[in-house]
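Coordinates from final10.cif are shown below (mmCIF, C-alpha atoms).
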```cif
data_run
#
loop_
_atom_site.label_atom_id
_atom_site.label_comp_id
_atom_site.auth_asym_id
_atom_site.auth_seq_id
_atom_site.Cartn_x
_atom_site.Cartn_y
_atom_site.Cartn_z
CA MET A 1 46.12 -71.27 30.86
CA ASP A 2 47.55 -72.39 34.19
CA THR A 3 46.90 -70.30 37.27
CA VAL A 4 49.97 -69.36 39.27
CA THR A 5 49.50 -69.74 43.01
CA TRP A 6 51.49 -67.73 45.53
CA ASN A 7 51.61 -69.81 48.68
CA PRO A 8 54.02 -68.58 51.37
CA PRO A 9 57.18 -70.63 51.93
CA GLY A 10 56.05 -71.42 55.48
CA PRO A 11 53.79 -70.24 58.28
CA GLY A 12 53.75 -66.61 59.37
CA PRO A 13 54.60 -63.41 57.48
CA TRP A 14 57.23 -63.40 54.72
CA THR A 15 58.63 -60.42 52.78
CA GLN A 16 59.75 -60.61 49.16
CA ASP A 17 63.41 -59.63 48.83
CA SER A 18 63.04 -57.04 46.08
CA ALA A 19 66.34 -55.35 47.01
CA HIS A 20 68.53 -58.34 46.13
CA ASN A 21 66.23 -60.23 43.78
CA PRO A 22 63.73 -57.90 42.09
CA VAL A 23 63.08 -60.50 39.39
CA SER A 24 62.58 -64.24 39.44
CA GLN A 25 65.75 -66.28 39.86
CA THR A 26 66.61 -69.61 38.25
CA ARG A 27 65.65 -72.92 39.79
CA LEU A 28 69.34 -73.74 40.15
CA VAL A 29 69.93 -70.66 42.33
CA HIS A 30 67.03 -71.61 44.55
CA GLU A 31 68.27 -75.15 44.94
CA ILE A 32 71.73 -74.11 46.13
CA TYR A 33 71.24 -70.75 47.88
CA PRO A 34 68.78 -71.13 50.81
CA ASP A 35 70.75 -73.77 52.72
CA GLY A 36 73.91 -71.67 52.91
CA PHE A 37 71.90 -68.50 53.55
CA ASN A 38 69.98 -70.01 56.47
CA ARG A 39 73.02 -71.71 58.04
CA GLY A 40 75.05 -68.53 57.76
CA PHE A 41 72.45 -66.37 59.45
CA ILE A 42 71.94 -68.90 62.25
CA GLU A 43 75.65 -68.77 63.10
CA ALA A 44 75.93 -65.00 62.60
CA PHE A 45 73.05 -64.26 64.96
CA ALA A 46 74.12 -66.83 67.58
CA GLY A 47 77.55 -65.24 67.99
CA TYR A 48 76.00 -61.91 68.95
CA GLY A 49 73.18 -63.18 71.15
CA LEU A 50 70.47 -61.81 68.90
CA LEU A 51 66.90 -62.62 69.85
CA LEU A 52 66.45 -63.89 66.31
CA ASP A 53 67.41 -67.45 65.47
CA MET A 54 67.75 -66.61 61.81
CA LEU A 55 66.58 -64.67 58.82
CA ALA A 56 64.98 -67.55 56.96
CA MET A 57 64.91 -67.70 53.18
CA GLY A 58 62.20 -69.35 51.15
CA VAL A 59 61.24 -69.39 47.49
CA VAL A 60 57.87 -68.87 45.80
CA ASN A 61 57.64 -69.06 42.01
CA GLY A 62 61.31 -68.17 41.64
CA PHE A 63 61.19 -65.17 43.98
CA THR A 64 63.04 -65.15 47.28
CA TYR A 65 61.26 -64.32 50.50
CA HIS A 66 62.65 -63.68 53.98
CA GLN A 67 61.22 -64.14 57.43
CA PRO A 68 62.91 -62.99 60.64
CA GLN A 69 62.46 -65.93 63.01
CA PRO A 70 62.61 -65.01 66.70
CA PHE A 71 64.12 -67.49 69.13
CA ASP A 72 60.77 -67.92 70.88
CA MET A 73 58.81 -68.62 67.71
CA PRO A 74 56.24 -71.33 68.43
CA GLY A 75 57.19 -74.70 67.01
CA PRO A 76 55.13 -77.68 65.93
CA ASP A 77 54.37 -78.44 69.58
CA GLY A 78 53.07 -74.93 70.26
CA PRO A 79 54.49 -72.01 72.25
CA LYS A 80 57.79 -72.30 74.10
CA ASP A 81 57.83 -72.60 77.90
CA PRO A 82 57.92 -69.13 79.56
CA ASP A 83 60.67 -70.23 81.98
CA TRP A 84 62.80 -71.38 79.06
CA ILE A 85 62.15 -68.07 77.26
CA GLY A 86 63.31 -66.08 80.31
CA ALA A 87 66.45 -68.17 80.71
CA GLU A 88 67.22 -67.91 77.00
CA ILE A 89 66.87 -64.12 77.05
CA GLY A 90 69.37 -64.04 79.92
CA ARG A 91 71.79 -66.34 78.09
CA ARG A 92 71.61 -64.34 74.88
CA THR A 93 71.98 -61.04 76.73
CA GLU A 94 75.24 -62.33 78.23
CA ILE A 95 76.47 -63.40 74.79
CA ALA A 96 75.58 -59.98 73.33
CA ALA A 97 77.34 -58.12 76.15
CA ARG A 98 80.45 -60.28 75.77
CA ALA A 99 80.45 -59.79 71.98
CA MET A 100 80.38 -56.02 72.35
CA ASP A 101 82.80 -55.88 75.30
CA GLU A 102 85.34 -58.14 73.59
CA ARG A 103 84.69 -56.66 70.14
CA ILE A 104 84.65 -60.16 68.70
CA TRP A 105 84.41 -58.81 65.16
CA ARG A 106 88.08 -57.79 65.27
CA ASP A 107 89.36 -61.36 65.60
CA GLU A 108 86.76 -62.65 63.16
CA ILE A 109 87.62 -60.09 60.49
CA ARG A 110 91.32 -60.83 61.04
CA LYS A 111 90.52 -64.53 60.56
CA TRP A 112 88.58 -63.60 57.41
CA ASP A 113 91.46 -61.54 55.98
CA ASP A 114 94.25 -63.95 56.93
CA ASP A 115 92.68 -67.39 56.52
CA VAL A 116 89.11 -67.67 55.26
CA LYS A 117 89.21 -65.30 52.28
CA PRO A 118 92.58 -66.55 50.92
CA ALA A 119 91.41 -70.17 51.25
CA ALA A 120 88.18 -69.37 49.42
CA GLN A 121 90.05 -67.55 46.65
CA ALA A 122 92.44 -70.48 46.27
CA ARG A 123 89.50 -72.87 45.97
CA HIS A 124 87.86 -70.59 43.37
CA ARG A 125 91.06 -70.65 41.31
CA GLU A 126 91.39 -74.42 41.71
CA LEU A 127 87.84 -75.04 40.48
CA GLY A 128 88.23 -72.50 37.68
CA ALA A 129 91.47 -74.07 36.48
CA VAL A 130 89.82 -77.38 35.57
CA ASP A 131 89.99 -77.95 31.82
CA LEU A 132 86.33 -78.69 31.10
CA SER A 133 87.09 -79.88 27.57
CA SER A 134 89.17 -82.73 29.00
CA LEU A 135 86.30 -84.12 31.09
CA ASP A 136 83.96 -86.88 29.98
CA ASP A 137 80.27 -86.57 30.86
CA ALA A 138 80.59 -88.26 34.26
CA ALA A 139 83.61 -86.18 35.26
CA LEU A 140 81.93 -82.98 34.05
CA LEU A 141 78.83 -83.78 36.11
CA ALA A 142 80.98 -84.49 39.16
CA HIS A 143 82.84 -81.20 38.67
CA LEU A 144 79.59 -79.26 38.33
CA GLN A 145 78.28 -80.85 41.52
CA THR A 146 81.50 -79.90 43.29
CA CYS A 147 81.14 -76.31 42.04
CA LEU A 148 77.52 -76.12 43.18
CA ALA A 149 78.44 -77.43 46.64
CA HIS A 150 81.19 -74.80 46.75
CA VAL A 151 78.71 -72.04 45.89
CA THR A 152 76.45 -73.18 48.74
CA GLU A 153 79.42 -73.04 51.12
CA MET A 154 80.38 -69.58 49.88
CA VAL A 155 76.81 -68.34 50.47
CA TYR A 156 77.05 -69.77 54.00
CA GLN A 157 80.46 -68.18 54.52
CA HIS A 158 79.24 -64.81 53.26
CA HIS A 159 76.24 -64.69 55.59
CA ARG A 160 78.13 -66.15 58.53
CA TYR A 161 80.25 -62.98 58.52
CA ASN A 162 77.30 -60.55 58.23
CA CYS A 163 77.23 -59.50 61.87
CA HIS A 164 81.01 -59.14 62.06
CA ALA A 165 80.84 -56.60 59.24
CA LEU A 166 77.58 -54.85 60.16
CA VAL A 167 77.60 -54.65 63.98
CA PRO A 168 80.71 -52.44 64.32
CA VAL A 169 79.45 -50.06 61.64
CA GLY A 170 76.05 -49.82 63.32
CA ASP A 171 77.67 -49.35 66.72
CA PHE A 172 79.89 -46.59 65.37
CA VAL A 173 76.96 -44.79 63.75
CA LEU A 174 74.73 -45.00 66.83
CA GLN A 175 77.50 -43.94 69.22
CA THR A 176 78.53 -41.07 66.96
CA ALA A 177 74.92 -39.94 66.54
CA GLY A 178 74.66 -39.76 70.32
CA TRP A 179 77.88 -37.77 70.68
CA THR A 180 77.21 -35.36 67.81
CA HIS A 181 73.40 -35.16 67.91
CA ARG A 182 73.39 -35.78 64.16
CA PRO A 183 70.91 -38.11 62.46
CA PRO A 184 72.39 -41.61 62.05
CA MET A 185 71.86 -41.69 58.27
CA SER A 186 74.02 -38.60 57.80
CA LEU A 187 76.99 -40.37 59.41
CA TYR A 188 77.28 -43.18 56.90
CA GLY A 189 78.95 -40.70 54.54
CA VAL A 190 82.23 -41.10 56.45
CA PHE A 191 82.51 -44.55 54.88
CA ASP A 192 82.19 -43.30 51.29
CA GLY A 193 85.17 -44.52 49.30
CA TYR A 194 86.65 -46.50 52.21
CA SER A 195 86.32 -49.81 50.43
CA PRO A 196 86.83 -50.30 46.69
CA VAL A 197 83.74 -52.55 46.63
CA SER A 198 81.41 -50.11 48.40
#
```
What is this structure when it is put down as structure tokens?
Amino acid sequence: MDTVTWNPPGPGPWTQDSAHNPVSQTRLVHEIYPDGFNRGFIEAFAGYGLLLDMLAMGVVNGFTYHQPQPFDMPGPDGPKDPDWIGAEIGRRTEIAARAMDERIWRDEIRKWDDDVKPAAQARHRELGAVDLSSLDDAALLAHLQTCLAHVTEMVYQHHRYNCHALVPVGDFVLQTAGWTHRPPMSLYGVFDGYSPVS
């Protein structure tokens, strides 16, 4: 009997994502998902000046693991320069202040509703409309590869919009908790039934 080893996906602490993937996922999922996931989080965090570069995804024996990666995480050459760290904190603080002051999520969600989501839905329909029975082996393989690349891009797109969807909700809850002296968790109830997918 073979022994299964559980080596972490990289250095440092990693947490198994039991909320989204409580069971092992297929190899195919793990070949197409992490790239879009990681790219999406990098862009999402950068737009809000977070002190995290990304929420990295890795795979061990079919299970997904996550690691919050701070911007000052030591690299292969060792720790980052303290002067660079100080300057980067200042730069990101300015980005975060601008994001909140300008409420950048409003334009981004408008772009999502008006452009990004309809384009994605049109592409879904286009790929789904292909008559698979009319394809020879080479054309079927090419179509499957196109579909897999599209899934990776949709994973990226989904996670790229995370902060635009989550930051205003969190801001509302924290501000309202301060005004009302109610626990933050009790305030999420105001969103019940707001969206047909929630």
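For the residues A:Asn38, A:Thr152, A:Gln157, A:Thr64, ranking by smallest atom-to-atom distance to A:Asn21 using all atoms listed in the file places A:Thr64 first.
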*Using the chain letters and numbers from the file, which residues does the PyMOL selection byres ((chain A and resi 49-58) around 9) grab, as an MDAnalysis selection string?*
chainID A and resid 8:10 14 30 33:35 37:48 59:60 63:73 88:89 91:97 99
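Distance-wise, atom CA of A:Met154 and atom CA of A:His124 end up 10.0 Å apart.
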*Exactly which residues make up the result of the PyMOL selection byres ((chain A and resi 148-151) around 10) on this file, given as a PyMOL selection string?*
chain A and resi 28-29+31-33+36+120+123-124+127+142-147+152-157
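Here atom CA of A:Thr176 stands at a distance of 24.3 Å from atom CA of A:Arg110.
Proximity of A:Glu108, A:Asp192, A:Asp136, A:Glu126 to A:His164, computed with all atoms listed in the file, is greatest for A:Glu108.
Using all atoms listed in the file, the contacts of A:Val173 at a cut-off of 9 Å, with sequence neighbours closer than 6 positions omitted, comprise A:Pro184, A:Met185, A:Leu187, A:Tyr188.
Note that atom CA of A:Tyr194 and atom CA of A:Lys117 are 19.0 Å apart.
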*asked:* Take the PyMOL selection byres ((chain A and resi 165) around 12), run it mentally on this structure, and tell me the resulting residues as a PyMOL selection string.
replied: chain A and resi 44+103-110+112+158-164+166-172
Take every atom of stretch 1-8 of chain A listed in the file, pad by 5 Å on each side, and give me the axis-aligned box centre and edge lengths in Å, one decimal, as AutoDock Vina command-line options.
```
--center_x 50.1 --center_y -70.1 --center_z 41.1 --size_x 17.9 --size_y 14.7 --size_z 30.5
```
Reconstructed N, CA and C atoms for stretch 36-66 of chain A, given as a PDB file, keeping the file's coordinate frame:
```pdb
ATOM      1  N   GLY A  36      72.779 -72.461  52.441  1.00  0.00           N
ATOM      2  CA  GLY A  36      73.910 -71.670  52.910  1.00  0.00           C
ATOM      3  C   GLY A  36      73.467 -70.372  53.565  1.00  0.00           C
ATOM      4  N   PHE A  37      72.456 -69.740  53.008  1.00  0.00           N
ATOM      5  CA  PHE A  37      71.900 -68.500  53.550  1.00  0.00           C
ATOM      6  C   PHE A  37      71.404 -68.729  54.973  1.00  0.00           C
ATOM      7  N   ASN A  38      70.563 -69.748  55.150  1.00  0.00           N
ATOM      8  CA  ASN A  38      69.980 -70.010  56.470  1.00  0.00           C
ATOM      9  C   ASN A  38      71.041 -70.413  57.482  1.00  0.00           C
ATOM     10  N   ARG A  39      71.952 -71.302  57.108  1.00  0.00           N
ATOM     11  CA  ARG A  39      73.020 -71.710  58.040  1.00  0.00           C
ATOM     12  C   ARG A  39      73.894 -70.532  58.432  1.00  0.00           C
ATOM     13  N   GLY A  40      74.208 -69.686  57.464  1.00  0.00           N
ATOM     14  CA  GLY A  40      75.050 -68.530  57.760  1.00  0.00           C
ATOM     15  C   GLY A  40      74.410 -67.580  58.739  1.00  0.00           C
ATOM     16  N   PHE A  41      73.132 -67.287  58.532  1.00  0.00           N
ATOM     17  CA  PHE A  41      72.450 -66.370  59.450  1.00  0.00           C
ATOM     18  C   PHE A  41      72.294 -66.973  60.839  1.00  0.00           C
ATOM     19  N   ILE A  42      72.049 -68.267  60.935  1.00  0.00           N
ATOM     20  CA  ILE A  42      71.940 -68.900  62.250  1.00  0.00           C
ATOM     21  C   ILE A  42      73.234 -68.681  63.036  1.00  0.00           C
ATOM     22  N   GLU A  43      74.371 -68.936  62.412  1.00  0.00           N
ATOM     23  CA  GLU A  43      75.650 -68.770  63.100  1.00  0.00           C
ATOM     24  C   GLU A  43      75.966 -67.298  63.376  1.00  0.00           C
ATOM     25  N   ALA A  44      75.661 -66.428  62.419  1.00  0.00           N
ATOM     26  CA  ALA A  44      75.930 -65.000  62.600  1.00  0.00           C
ATOM     27  C   ALA A  44      75.160 -64.458  63.798  1.00  0.00           C
ATOM     28  N   PHE A  45      73.879 -64.778  63.877  1.00  0.00           N
ATOM     29  CA  PHE A  45      73.050 -64.260  64.960  1.00  0.00           C
ATOM     30  C   PHE A  45      73.425 -64.868  66.306  1.00  0.00           C
ATOM     31  N   ALA A  46      73.778 -66.156  66.319  1.00  0.00           N
ATOM     32  CA  ALA A  46      74.120 -66.830  67.580  1.00  0.00           C
ATOM     33  C   ALA A  46      75.342 -66.201  68.233  1.00  0.00           C
ATOM     34  N   GLY A  47      76.317 -65.805  67.437  1.00  0.00           N
ATOM     35  CA  GLY A  47      77.550 -65.240  67.990  1.00  0.00           C
ATOM     36  C   GLY A  47      77.370 -63.899  68.661  1.00  0.00           C
ATOM     37  N   TYR A  48      76.268 -63.221  68.368  1.00  0.00           N
ATOM     38  CA  TYR A  48      76.000 -61.910  68.950  1.00  0.00           C
ATOM     39  C   TYR A  48      74.820 -61.919  69.915  1.00  0.00           C
ATOM     40  N   GLY A  49      74.277 -63.090  70.189  1.00  0.00           N
ATOM     41  CA  GLY A  49      73.180 -63.180  71.150  1.00  0.00           C
ATOM     42  C   GLY A  49      71.897 -62.526  70.688  1.00  0.00           C
ATOM     43  N   LEU A  50      71.695 -62.422  69.392  1.00  0.00           N
ATOM     44  CA  LEU A  50      70.470 -61.810  68.900  1.00  0.00           C
ATOM     45  C   LEU A  50      69.252 -62.612  69.343  1.00  0.00           C
ATOM     46  N   LEU A  51      68.144 -61.940  69.479  1.00  0.00           N
ATOM     47  CA  LEU A  51      66.900 -62.620  69.850  1.00  0.00           C
ATOM     48  C   LEU A  51      66.206 -63.199  68.628  1.00  0.00           C
ATOM     49  N   LEU A  52      66.904 -63.206  67.517  1.00  0.00           N
ATOM     50  CA  LEU A  52      66.450 -63.890  66.310  1.00  0.00           C
ATOM     51  C   LEU A  52      67.292 -65.146  66.142  1.00  0.00           C
ATOM     52  N   ASP A  53      66.649 -66.249  65.793  1.00  0.00           N
ATOM     53  CA  ASP A  53      67.410 -67.450  65.470  1.00  0.00           C
ATOM     54  C   ASP A  53      68.009 -67.341  64.077  1.00  0.00           C
ATOM     55  N   MET A  54      67.230 -66.777  63.165  1.00  0.00           N
ATOM     56  CA  MET A  54      67.750 -66.610  61.810  1.00  0.00           C
ATOM     57  C   MET A  54      66.836 -65.714  61.003  1.00  0.00           C
ATOM     58  N   LEU A  55      67.366 -65.286  59.873  1.00  0.00           N
ATOM     59  CA  LEU A  55      66.580 -64.670  58.820  1.00  0.00           C
ATOM     60  C   LEU A  55      66.386 -65.769  57.798  1.00  0.00           C
ATOM     61  N   ALA A  56      65.224 -66.396  57.827  1.00  0.00           N
ATOM     62  CA  ALA A  56      64.980 -67.550  56.960  1.00  0.00           C
ATOM     63  C   ALA A  56      64.737 -67.104  55.527  1.00  0.00           C
ATOM     64  N   MET A  57      65.151 -67.951  54.600  1.00  0.00           N
ATOM     65  CA  MET A  57      64.910 -67.700  53.180  1.00  0.00           C
ATOM     66  C   MET A  57      64.023 -68.802  52.637  1.00  0.00           C
ATOM     67  N   GLY A  58      63.050 -68.412  51.861  1.00  0.00           N
ATOM     68  CA  GLY A  58      62.200 -69.350  51.150  1.00  0.00           C
ATOM     69  C   GLY A  58      61.969 -68.860  49.737  1.00  0.00           C
ATOM     70  N   VAL A  59      61.427 -69.713  48.903  1.00  0.00           N
ATOM     71  CA  VAL A  59      61.240 -69.390  47.490  1.00  0.00           C
ATOM     72  C   VAL A  59      59.791 -69.652  47.097  1.00  0.00           C
ATOM     73  N   VAL A  60      59.206 -68.708  46.373  1.00  0.00           N
ATOM     74  CA  VAL A  60      57.870 -68.870  45.800  1.00  0.00           C
ATOM     75  C   VAL A  60      57.937 -68.434  44.344  1.00  0.00           C
ATOM     76  N   ASN A  61      57.667 -69.357  43.447  1.00  0.00           N
ATOM     77  CA  ASN A  61      57.640 -69.060  42.010  1.00  0.00           C
ATOM     78  C   ASN A  61      58.904 -68.332  41.538  1.00  0.00           C
ATOM     79  N   GLY A  62      60.046 -68.745  42.067  1.00  0.00           N
ATOM     80  CA  GLY A  62      61.310 -68.170  41.640  1.00  0.00           C
ATOM     81  C   GLY A  62      61.729 -66.911  42.372  1.00  0.00           C
ATOM     82  N   PHE A  63      60.873 -66.375  43.219  1.00  0.00           N
ATOM     83  CA  PHE A  63      61.190 -65.170  43.980  1.00  0.00           C
ATOM     84  C   PHE A  63      61.588 -65.548  45.398  1.00  0.00           C
ATOM     85  N   THR A  64      62.605 -64.863  45.922  1.00  0.00           N
ATOM     86  CA  THR A  64      63.040 -65.150  47.280  1.00  0.00           C
ATOM     87  C   THR A  64      62.246 -64.316  48.283  1.00  0.00           C
ATOM     88  N   TYR A  65      61.967 -64.953  49.392  1.00  0.00           N
ATOM     89  CA  TYR A  65      61.260 -64.320  50.500  1.00  0.00           C
ATOM     90  C   TYR A  65      62.062 -64.536  51.771  1.00  0.00           C
ATOM     91  N   HIS A  66      61.954 -63.580  52.698  1.00  0.00           N
ATOM     92  CA  HIS A  66      62.650 -63.680  53.980  1.00  0.00           C
ATOM     93  C   HIS A  66      61.654 -63.573  55.124  1.00  0.00           C
TER      94      HIS A  66
END
```
